[in-house]
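Visitor: Handing you a structure now.
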Amino acid sequence: MKSEFIKNLIKERGLKGKGGRGYIHDLLRLEEYILNGPRGFASGMHYHILKGKYRREWEAIYRELKPKEFEEIMQREREEERKRKQEKERRRREEIIRQLKKEWLEKNAGTNLPPDAFGWEFVDFLERIAKKEMALVD
């Protein structure tokens with residue numbers, strides 16, 4: 001046992017505290033995975049389950065034992081989250097444009113406007129605005 005975080009938990013709560021021995025056993029297993037990595041598919045799955053179940057503890061142990069690596073992981077996670085948000089926003093904007101286009105076409109379906117009249121210019125204009133706004137977000 002190398003983590004001061006785990007040692008302090010045992011001192012404070014003993015083995016009968018939150019979750020008892022099973023909880024401490026899980027944290028020790030997390031420590032082992034952090035230090036030496038999972039060794040195979042099953043232990044890899046177990047590591048990710050424990051990491052999800054004890055996220056705060058995982059962060060504390062990882063930050064303590066491998067601070068540089070921890071910061072790199074957290075930076076990657078922040079970057080991935082930023083990209084997910086950007087993609088979600090891009091899809092939302094595209095859906096709004098599709099919906100506006102559909103509504104406008106349905107509204108003007110009975111008119112005698114030729115396809116290249118004001119209607120298509122308006123739709124193109126909306127698409128250009130959306131693309132410019134998306135470029136500003138990227």
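Residues in the structure tokens are numbered from 1 in each chain, the chains being A, B, ... in the order shown, and ligands are numbered from 1 in the order shown.
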Name the residues in contact with Phe5 (chain A) at a cut-off of 9 Å, using only C-alpha atoms, excluding same-chain residues fewer than 5 positions from it; report them as a list in words.
Guide: Ile10, Glu57, Ala60, Ile61 and Glu64 of chain A
Visitor: Considering only C-alpha atoms, can you say which of A:Ile24, A:Ile129, A:Glu79, A:Glu94 comes closest to Lys11 (chain A)?
Guide: A:Ile24
Visitor: Between CA of Ile73 (chain A) and CA of Leu35 (chain A), what is the spacing in Å?
Guide: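 Interatomic distance here is 14.6 Å.
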Visitor: What gap, in Å, lies between CA of Lys2 (chain A) and CA of Met74 (chain A)?
Guide: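 A separation of 21.9 Å between them.
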Visitor: Counting only C-alpha atoms, which residue out of A:Arg55, A:Lys101, A:Arg84, A:Lys107 sits closest to Glu127 (chain A)?
Guide: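 Using only C-alpha atoms, the shortest distance to Glu127 (chain A) belongs to A:Lys101.
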Visitor: Using only C-alpha atoms, which residues sit within 10 Å of Glu32 (chain A) once same-chain residues fewer than 4 positions away are excluded, as a count of residues only?
Guide: 9
Visitor: Figure out the distance between CA of Lys85 (chain A) and CA of Lys131 (chain A), please, to one decimal in Å.
Guide: 16.7 Å
